[in-house]
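Source file: input38.json. Holds: JSON, C-alpha atoms.
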```json
[["chain", "number", "residue", "atom", "x", "y", "z"],
["Q", 1, "MET", "CA", 145.35, 143.93, 87.40],
["Q", 2, "GLY", "CA", 148.33, 142.36, 85.77],
["Q", 3, "LEU", "CA", 148.76, 140.15, 82.77],
["Q", 4, "VAL", "CA", 149.37, 137.18, 85.06],
["Q", 5, "ASP", "CA", 146.54, 137.84, 87.53],
["Q", 6, "LEU", "CA", 145.07, 134.34, 87.84],
["Q", 7, "GLU", "CA", 141.99, 135.51, 89.74],
["Q", 8, "LYS", "CA", 141.15, 138.11, 87.08],
["Q", 9, "HIS", "CA", 141.55, 135.67, 84.18],
["Q", 10, "PHE", "CA", 139.73, 132.86, 85.91],
["Q", 11, "ALA", "CA", 136.86, 135.16, 86.93],
["Q", 12, "PHE", "CA", 136.54, 136.52, 83.38],
["Q", 13, "TYR", "CA", 136.42, 133.06, 81.89],
["Q", 14, "GLY", "CA", 134.29, 131.67, 84.72],
["Q", 15, "ALA", "CA", 131.65, 134.37, 84.23],
["Q", 16, "TYR", "CA", 131.02, 132.91, 80.77],
["Q", 17, "HIS", "CA", 131.18, 129.31, 81.96],
["Q", 18, "SER", "CA", 129.09, 128.84, 85.08],
["Q", 19, "ASN", "CA", 126.72, 126.13, 83.85],
["Q", 20, "PRO", "CA", 128.04, 122.63, 84.69],
["Q", 21, "VAL", "CA", 126.96, 121.16, 81.34],
["Q", 22, "ASN", "CA", 128.68, 123.96, 79.42],
["Q", 23, "ILE", "CA", 131.81, 123.52, 81.54],
["Q", 24, "PHE", "CA", 131.79, 119.78, 80.76],
["Q", 25, "ILE", "CA", 131.33, 120.45, 77.04],
["Q", 26, "HIS", "CA", 134.34, 122.77, 77.15],
["Q", 27, "MET", "CA", 136.36, 120.20, 79.07],
["Q", 28, "VAL", "CA", 135.71, 117.72, 76.26],
["Q", 29, "PHE", "CA", 136.24, 120.04, 73.28],
["Q", 30, "VAL", "CA", 138.83, 122.71, 74.16],
["Q", 31, "TRP", "CA", 141.97, 120.57, 74.14],
["Q", 32, "PRO", "CA", 141.07, 118.90, 70.81],
["Q", 33, "ILE", "CA", 140.73, 122.40, 69.31],
["Q", 34, "PHE", "CA", 144.21, 123.25, 70.59],
["Q", 35, "PHE", "CA", 145.61, 119.91, 69.40],
["Q", 36, "THR", "CA", 144.17, 120.12, 65.89],
["Q", 37, "ALA", "CA", 145.24, 123.76, 65.50],
["Q", 38, "LEU", "CA", 148.78, 122.59, 66.22],
["Q", 39, "MET", "CA", 148.35, 119.93, 63.54],
["Q", 40, "LEU", "CA", 147.72, 122.66, 61.00],
["Q", 41, "PHE", "CA", 150.60, 124.78, 62.32],
["Q", 42, "TYR", "CA", 152.90, 121.82, 61.65],
["Q", 43, "PHE", "CA", 152.89, 122.84, 58.00],
["Q", 44, "THR", "CA", 154.22, 126.36, 58.69],
["Q", 45, "PRO", "CA", 157.89, 127.20, 58.11],
["Q", 46, "SER", "CA", 160.50, 126.89, 60.83],
["Q", 47, "VAL", "CA", 160.98, 129.99, 62.98],
["Q", 48, "LEU", "CA", 164.44, 128.77, 63.99],
["Q", 49, "LYS", "CA", 166.14, 128.31, 60.62],
["Q", 50, "THR", "CA", 169.47, 127.26, 62.12],
["Q", 51, "VAL", "CA", 167.98, 124.54, 64.34],
["Q", 52, "PRO", "CA", 167.40, 121.26, 62.49],
["Q", 53, "PRO", "CA", 164.17, 119.29, 63.03],
["Q", 54, "ILE", "CA", 164.17, 116.52, 65.63],
["Q", 55, "VAL", "CA", 163.45, 113.02, 64.37],
["Q", 56, "LEU", "CA", 160.79, 111.34, 66.52],
["Q", 57, "TRP", "CA", 160.30, 107.65, 67.40],
["Q", 58, "ASP", "CA", 158.05, 107.12, 64.37],
["Q", 59, "HIS", "CA", 160.52, 108.89, 62.02],
["Q", 60, "SER", "CA", 158.31, 111.99, 61.84],
["Q", 61, "LEU", "CA", 159.93, 115.39, 62.19],
["Q", 62, "LEU", "CA", 159.50, 117.83, 65.03],
["Q", 63, "VAL", "CA", 159.96, 121.27, 63.47],
["Q", 64, "PHE", "CA", 160.43, 124.47, 65.46],
["Q", 65, "ASN", "CA", 157.65, 126.27, 63.58],
["Q", 66, "PHE", "CA", 154.63, 128.38, 64.51],
["Q", 67, "GLY", "CA", 153.15, 125.39, 66.34],
["Q", 68, "PHE", "CA", 156.21, 125.37, 68.59],
["Q", 69, "LEU", "CA", 156.05, 129.15, 69.01],
["Q", 70, "PHE", "CA", 152.38, 129.10, 70.04],
["Q", 71, "THR", "CA", 153.02, 126.15, 72.36],
["Q", 72, "LEU", "CA", 155.88, 128.02, 74.00],
["Q", 73, "ILE", "CA", 153.78, 131.18, 74.48],
["Q", 74, "TYR", "CA", 150.90, 129.20, 75.99],
["Q", 75, "ALA", "CA", 153.22, 127.18, 78.23],
["Q", 76, "LEU", "CA", 155.10, 130.21, 79.57],
["Q", 77, "PHE", "CA", 151.87, 132.11, 80.20],
["Q", 78, "TYR", "CA", 150.35, 129.19, 82.10],
["Q", 79, "VAL", "CA", 153.43, 128.74, 84.30],
["Q", 80, "ALA", "CA", 153.41, 132.48, 85.01],
["Q", 81, "LEU", "CA", 149.76, 132.25, 86.10],
["Q", 82, "ASP", "CA", 150.30, 129.36, 88.51],
["Q", 83, "LYS", "CA", 153.48, 127.34, 88.97],
["Q", 84, "LYS", "CA", 151.87, 123.96, 89.75],
["Q", 85, "ALA", "CA", 148.81, 123.85, 87.49],
["Q", 86, "GLY", "CA", 150.66, 125.93, 84.90],
["Q", 87, "SER", "CA", 153.52, 123.42, 84.77],
["Q", 88, "LEU", "CA", 151.05, 120.61, 84.14],
["Q", 89, "ALA", "CA", 149.32, 122.70, 81.46],
["Q", 90, "ALA", "CA", 152.70, 123.49, 79.87],
["Q", 91, "LEU", "CA", 153.55, 119.79, 79.82],
["Q", 92, "LEU", "CA", 150.21, 119.04, 78.15],
["Q", 93, "CYS", "CA", 150.80, 121.82, 75.60],
["Q", 94, "PHE", "CA", 154.19, 120.39, 74.64],
["Q", 95, "ALA", "CA", 152.75, 116.86, 74.52],
["Q", 96, "CYS", "CA", 150.07, 118.17, 72.15],
["Q", 97, "TRP", "CA", 152.75, 119.80, 70.00],
["Q", 98, "VAL", "CA", 154.79, 116.59, 69.77],
["Q", 99, "PHE", "CA", 151.87, 114.25, 69.07],
["Q", 100, "SER", "CA", 150.06, 116.65, 66.72],
["Q", 101, "SER", "CA", 153.31, 117.05, 64.77],
["Q", 102, "SER", "CA", 153.66, 113.29, 64.51],
["Q", 103, "ILE", "CA", 150.10, 112.85, 63.28],
["Q", 104, "ALA", "CA", 150.33, 115.78, 60.85],
["Q", 105, "TYR", "CA", 153.59, 114.39, 59.43],
["Q", 106, "ARG", "CA", 152.01, 110.99, 58.83],
["Q", 107, "LEU", "CA", 148.77, 112.37, 57.38],
["Q", 108, "GLY", "CA", 150.39, 114.92, 55.10],
["Q", 109, "TYR", "CA", 148.85, 118.31, 54.39],
["Q", 110, "SER", "CA", 146.24, 117.07, 51.89],
["Q", 111, "LEU", "CA", 144.55, 114.91, 54.54],
["Q", 112, "ALA", "CA", 145.54, 116.77, 57.72],
["Q", 113, "TRP", "CA", 143.68, 119.98, 56.84],
["Q", 114, "LYS", "CA", 140.48, 117.95, 56.30],
["Q", 115, "VAL", "CA", 140.86, 116.23, 59.67],
["Q", 116, "VAL", "CA", 141.55, 119.59, 61.32],
["Q", 117, "LEU", "CA", 138.55, 121.22, 59.62],
["Q", 118, "ALA", "CA", 136.18, 118.41, 60.66],
["Q", 119, "ALA", "CA", 137.45, 118.37, 64.25],
["Q", 120, "GLN", "CA", 137.35, 122.16, 64.57],
["Q", 121, "LEU", "CA", 133.81, 122.38, 63.19],
["Q", 122, "PHE", "CA", 132.60, 119.59, 65.46],
["Q", 123, "CYS", "CA", 134.26, 120.99, 68.59],
["Q", 124, "TRP", "CA", 133.29, 124.61, 67.97],
["Q", 125, "THR", "CA", 129.70, 123.58, 67.25],
["Q", 126, "GLY", "CA", 129.60, 121.71, 70.55],
["Q", 127, "GLN", "CA", 130.88, 124.75, 72.41],
["Q", 128, "PHE", "CA", 128.39, 127.11, 70.77],
["Q", 129, "ILE", "CA", 125.59, 124.70, 71.67],
["Q", 130, "GLY", "CA", 126.90, 124.72, 75.24],
["Q", 131, "HIS", "CA", 126.69, 128.51, 75.35],
["Q", 132, "GLY", "CA", 123.39, 128.87, 73.53],
["Q", 133, "VAL", "CA", 121.44, 126.02, 75.12],
["Q", 134, "PHE", "CA", 122.96, 125.65, 78.59],
["Q", 135, "GLU", "CA", 124.78, 128.87, 79.46],
["Q", 136, "ASN", "CA", 122.34, 131.21, 77.70],
["Q", 137, "ARG", "CA", 125.20, 133.60, 77.15],
["Q", 138, "ALA", "CA", 127.43, 134.40, 74.19],
["Q", 139, "PRO", "CA", 130.94, 132.92, 74.37],
["Q", 140, "ALA", "CA", 133.80, 134.88, 75.94],
["Q", 141, "LEU", "CA", 135.55, 135.12, 72.59],
["Q", 142, "LEU", "CA", 132.99, 137.72, 71.47],
["Q", 143, "ASP", "CA", 134.14, 140.08, 74.24],
["Q", 144, "ASN", "CA", 137.86, 139.29, 74.44],
["Q", 145, "LEU", "CA", 139.14, 137.04, 71.68],
["Q", 146, "THR", "CA", 142.75, 136.84, 72.86],
["Q", 147, "GLN", "CA", 141.92, 136.10, 76.47],
["Q", 148, "ALA", "CA", 139.31, 133.51, 75.49],
["Q", 149, "PHE", "CA", 141.69, 131.61, 73.19],
["Q", 150, "LEU", "CA", 144.65, 131.85, 75.54],
["Q", 151, "MET", "CA", 142.76, 130.95, 78.71],
["Q", 152, "ALA", "CA", 140.49, 128.17, 77.42],
["Q", 153, "PRO", "CA", 142.90, 125.20, 77.70],
["Q", 154, "PHE", "CA", 144.15, 126.34, 81.10],
["Q", 155, "PHE", "CA", 140.66, 127.06, 82.37],
["Q", 156, "VAL", "CA", 139.33, 123.57, 81.62],
["Q", 157, "LEU", "CA", 142.43, 121.92, 83.11],
["Q", 158, "PHE", "CA", 142.12, 124.16, 86.17],
["Q", 159, "GLU", "CA", 138.44, 123.20, 86.47],
["Q", 160, "ALA", "CA", 139.39, 119.51, 86.43],
["Q", 161, "LEU", "CA", 142.11, 120.04, 89.04],
["Q", 162, "SER", "CA", 139.69, 122.05, 91.19],
["Q", 163, "PHE", "CA", 137.27, 119.13, 91.08],
["Q", 164, "PHE", "CA", 140.00, 117.10, 92.79],
["Q", 165, "GLY", "CA", 140.53, 119.82, 95.40],
["Q", 166, "TYR", "CA", 143.37, 121.83, 93.87],
["Q", 167, "GLU", "CA", 143.58, 125.45, 94.96],
["Q", 168, "PRO", "CA", 146.65, 127.58, 94.17],
["Q", 169, "TYR", "CA", 146.36, 129.27, 97.56],
["Q", 170, "PRO", "CA", 143.82, 129.22, 100.40],
["Q", 171, "GLY", "CA", 140.68, 131.20, 99.61],
["Q", 172, "PHE", "CA", 141.28, 131.31, 95.84],
["Q", 173, "HIS", "CA", 137.99, 129.64, 94.89],
["Q", 174, "ALA", "CA", 135.94, 131.77, 97.29],
["Q", 175, "ARG", "CA", 137.48, 134.99, 95.97],
["Q", 176, "VAL", "CA", 137.03, 133.97, 92.35],
["Q", 177, "LYS", "CA", 133.44, 132.84, 92.98],
["Q", 178, "THR", "CA", 132.66, 136.29, 94.39],
["Q", 179, "ARG", "CA", 134.13, 137.95, 91.30],
["Q", 180, "ILE", "CA", 132.30, 135.57, 88.95],
["Q", 181, "ASP", "CA", 128.98, 136.21, 90.69],
["Q", 182, "SER", "CA", 129.61, 139.96, 90.49],
["Q", 183, "GLU", "CA", 130.44, 139.82, 86.77],
["Q", 184, "ILE", "CA", 127.39, 137.66, 86.02],
["Q", 185, "LYS", "CA", 125.14, 140.06, 87.97],
["Q", 186, "GLU", "CA", 126.63, 143.02, 86.09],
["Q", 187, "TRP", "CA", 125.99, 141.24, 82.76],
["Q", 188, "GLN", "CA", 122.40, 140.39, 83.78],
["Q", 189, "ASP", "CA", 121.78, 144.00, 84.83],
["Q", 190, "LYS", "CA", 123.03, 145.26, 81.45],
["Q", 191, "LYS", "CA", 120.89, 142.68, 79.68],
["Q", 192, "GLN", "CA", 117.86, 143.75, 81.74],
["Q", 193, "LYS", "CA", 118.42, 147.44, 80.88],
["Q", 194, "LYS", "CA", 118.44, 146.59, 77.17],
["Q", 195, "VAL", "CA", 114.99, 145.01, 77.55],
["Q", 196, "TYR", "CA", 113.50, 148.24, 78.91]]
```

Let me see the file written as structure tokens.
Amino acid sequence: MGLVDLEKHFAFYGAYHSNPVNIFIHMVFVWPIFFTALMLFYFTPSVLKTVPPIVLWDHSLLVFNFGFLFTLIYALFYVALDKKAGSLAALLCFACWVFSSSIAYRLGYSLAWKVVLAAQLFCWTGQFIGHGVFENRAPALLDNLTQAFLMAPFFVLFEALSFFGYEPYPGFHARVKTRIDSEIKEWQDKKQKKVY
């Protein structure tokens, strides 16, 4: 199982997100969490000191800071997982970086952190409700924080693309479904053993 094993990652995440209502909640809230986190990262120092900021259409500055670094890591990981869907996800990540930087620049830190806090609290609350009420299972981040954070934006985009018939290769969905069902059964068996 490699770092870029799409089936493994998708099955892990899918095992925690099998309820359609919970999946929908995540589709609504995951990208805003990513976007607003990038807004906060706008206020971090540049990681490329010799590269000047880029002036955007609205005169805001695009700084090569931690927001850029995280965007780049996410984008490269998604492309490595799947060239087509990953390229779309990478494009969305960079669009989030550009637009979140523009908004953060215009708001300034004193207002931006309040907007980020409100959005993060609202979105995370929605997701925890999705897990507690509809999924009846703790979120994936309690078992694998890194994988949950890294996979969430790609997972919800991949779910949307799958709804429209996208499959990275023939048989992908059937193979992943088998793995998801197996992981859910294993989790239910462990849960059942704890009861006795």

Suppose you want the space between CA of Val30 (chain Q) and CA of Pro153 (chain Q); what is it in Å? 5.9 Å

Centre and size of axis-aligned box enclosing region 144-151 of chain Q plus 5 Å each side, as lines of an AutoDock Vina configuration file:
```
center_x = 141.3
center_y = 135.1
center_z = 75.2
size_x = 16.8
size_y = 18.3
size_z = 17.0
```

I want to know what sits within 12 Å of Gln188 (chain Q), based on only C-alpha atoms, with residues of the same chain fewer than 5 positions away left out; could you give that as a list in words? Ala15, Tyr16, Asn136, Arg137, Asp181, Ser182, Glu183, Lys193, Lys194 and Val195 of chain Q

Considering all atoms listed in the file, return as a ChimeraX atom specification whatever protein or nucleic-acid residues lie within 9 Å of Val47 (chain Q), sequence-local ones (same chain, fewer than 5 positions apart) excluded. /Q:63-66,68-69

Can you tell me which residues surround Leu150 (chain Q) at a distance of at most 12 Å, considering only C-alpha atoms, apart from same-chain residues fewer than 3 positions away, and format the answer as a ChimeraX atom specification? /Q:3-4,9-10,13,30-31,33-34,70-78,81,89,93,140-141,144-147,153-156

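Here the question is which of Q:Val116, Q:Leu62, Q:Leu142, Q:Leu157 gets nearest to Ser87 (chain Q) using only C-alpha atoms, and that residue is Q:Leu157.
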
Mind running region 17-50 of chain Q against region 160-169 of chain Q at 12 Å and telling me each contacting residue's nearest atom pair with the distance in Å (one decimal), counting all atoms listed in the file, chain and number ascending, as CSV?
```
residue,atom,partner,partner_atom,distance
Q:Pro20,CA,Q:Phe163,CA,11.8
Q:Ile23,CA,Q:Ala160,CA,9.9
Q:Phe24,CA,Q:Ala160,CA,9.5
Q:His26,CA,Q:Ala160,CA,11.1
Q:Met27,CA,Q:Ala160,CA,8.0
Q:Val28,CA,Q:Ala160,CA,11.0
```

As a check of understanding: the span from CA of Arg179 (chain Q) to CA of Cys123 (chain Q) is 28.3 Å

Using CA of Pro53 (chain Q) and CA of Ala37 (chain Q) as the two end points, give the distance in Å to one decimal.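 Here the two named atoms are 19.6 Å from each other.
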
With distances taken over all atoms listed in the file, which of Q:Lys8, Q:Ala112, Q:Phe41, Q:Ser102 is nearest to Ile54 (chain Q)?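 Going through Q:Lys8, Q:Ala112, Q:Phe41, Q:Ser102 one by one, the smallest distance to Ile54 (chain Q) is for Q:Ser102.
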
Counting all atoms listed in the file, the option among Q:Asp58, Q:His173, Q:Met39, Q:Gly2 closest to Leu111 (chain Q): Q:Met39

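Distance annotation: of Q:His59, Q:Phe43, Q:Pro170, Q:Pro139, the residue with the minimal separation from Thr125 (chain Q) is Q:Pro139; atom set is all atoms listed in the file.
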
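The list of residues within 10 Å of (145.0, 115.6, 64.6), counted using all atoms listed in the file, is Pro32, Ile33, Phe34, Phe35, Thr36, Ala37, Leu38, Met39, Leu40, Cys96, Phe99, Ser100, Ser101, Ser102, Ile103, Ala104, Leu107, Ala112, Trp113, Lys114, Val115, Val116, Leu117 and Ala119 of chain Q.
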
Once you have the residues from the selection above, write them out as a PDB file, in the coordinates of the input, restricted to C-alpha atoms.
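This is the output file again.pdb:
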```pdb
ATOM      1  CA  PRO Q  32     141.070 118.900  70.810  1.00  0.00           C
ATOM      2  CA  ILE Q  33     140.730 122.400  69.310  1.00  0.00           C
ATOM      3  CA  PHE Q  34     144.210 123.250  70.590  1.00  0.00           C
ATOM      4  CA  PHE Q  35     145.610 119.910  69.400  1.00  0.00           C
ATOM      5  CA  THR Q  36     144.170 120.120  65.890  1.00  0.00           C
ATOM      6  CA  ALA Q  37     145.240 123.760  65.500  1.00  0.00           C
ATOM      7  CA  LEU Q  38     148.780 122.590  66.220  1.00  0.00           C
ATOM      8  CA  MET Q  39     148.350 119.930  63.540  1.00  0.00           C
ATOM      9  CA  LEU Q  40     147.720 122.660  61.000  1.00  0.00           C
ATOM     10  CA  CYS Q  96     150.070 118.170  72.150  1.00  0.00           C
ATOM     11  CA  PHE Q  99     151.870 114.250  69.070  1.00  0.00           C
ATOM     12  CA  SER Q 100     150.060 116.650  66.720  1.00  0.00           C
ATOM     13  CA  SER Q 101     153.310 117.050  64.770  1.00  0.00           C
ATOM     14  CA  SER Q 102     153.660 113.290  64.510  1.00  0.00           C
ATOM     15  CA  ILE Q 103     150.100 112.850  63.280  1.00  0.00           C
ATOM     16  CA  ALA Q 104     150.330 115.780  60.850  1.00  0.00           C
ATOM     17  CA  LEU Q 107     148.770 112.370  57.380  1.00  0.00           C
ATOM     18  CA  ALA Q 112     145.540 116.770  57.720  1.00  0.00           C
ATOM     19  CA  TRP Q 113     143.680 119.980  56.840  1.00  0.00           C
ATOM     20  CA  LYS Q 114     140.480 117.950  56.300  1.00  0.00           C
ATOM     21  CA  VAL Q 115     140.860 116.230  59.670  1.00  0.00           C
ATOM     22  CA  VAL Q 116     141.550 119.590  61.320  1.00  0.00           C
ATOM     23  CA  LEU Q 117     138.550 121.220  59.620  1.00  0.00           C
ATOM     24  CA  ALA Q 119     137.450 118.370  64.250  1.00  0.00           C
TER      25      ALA Q 119
END
```
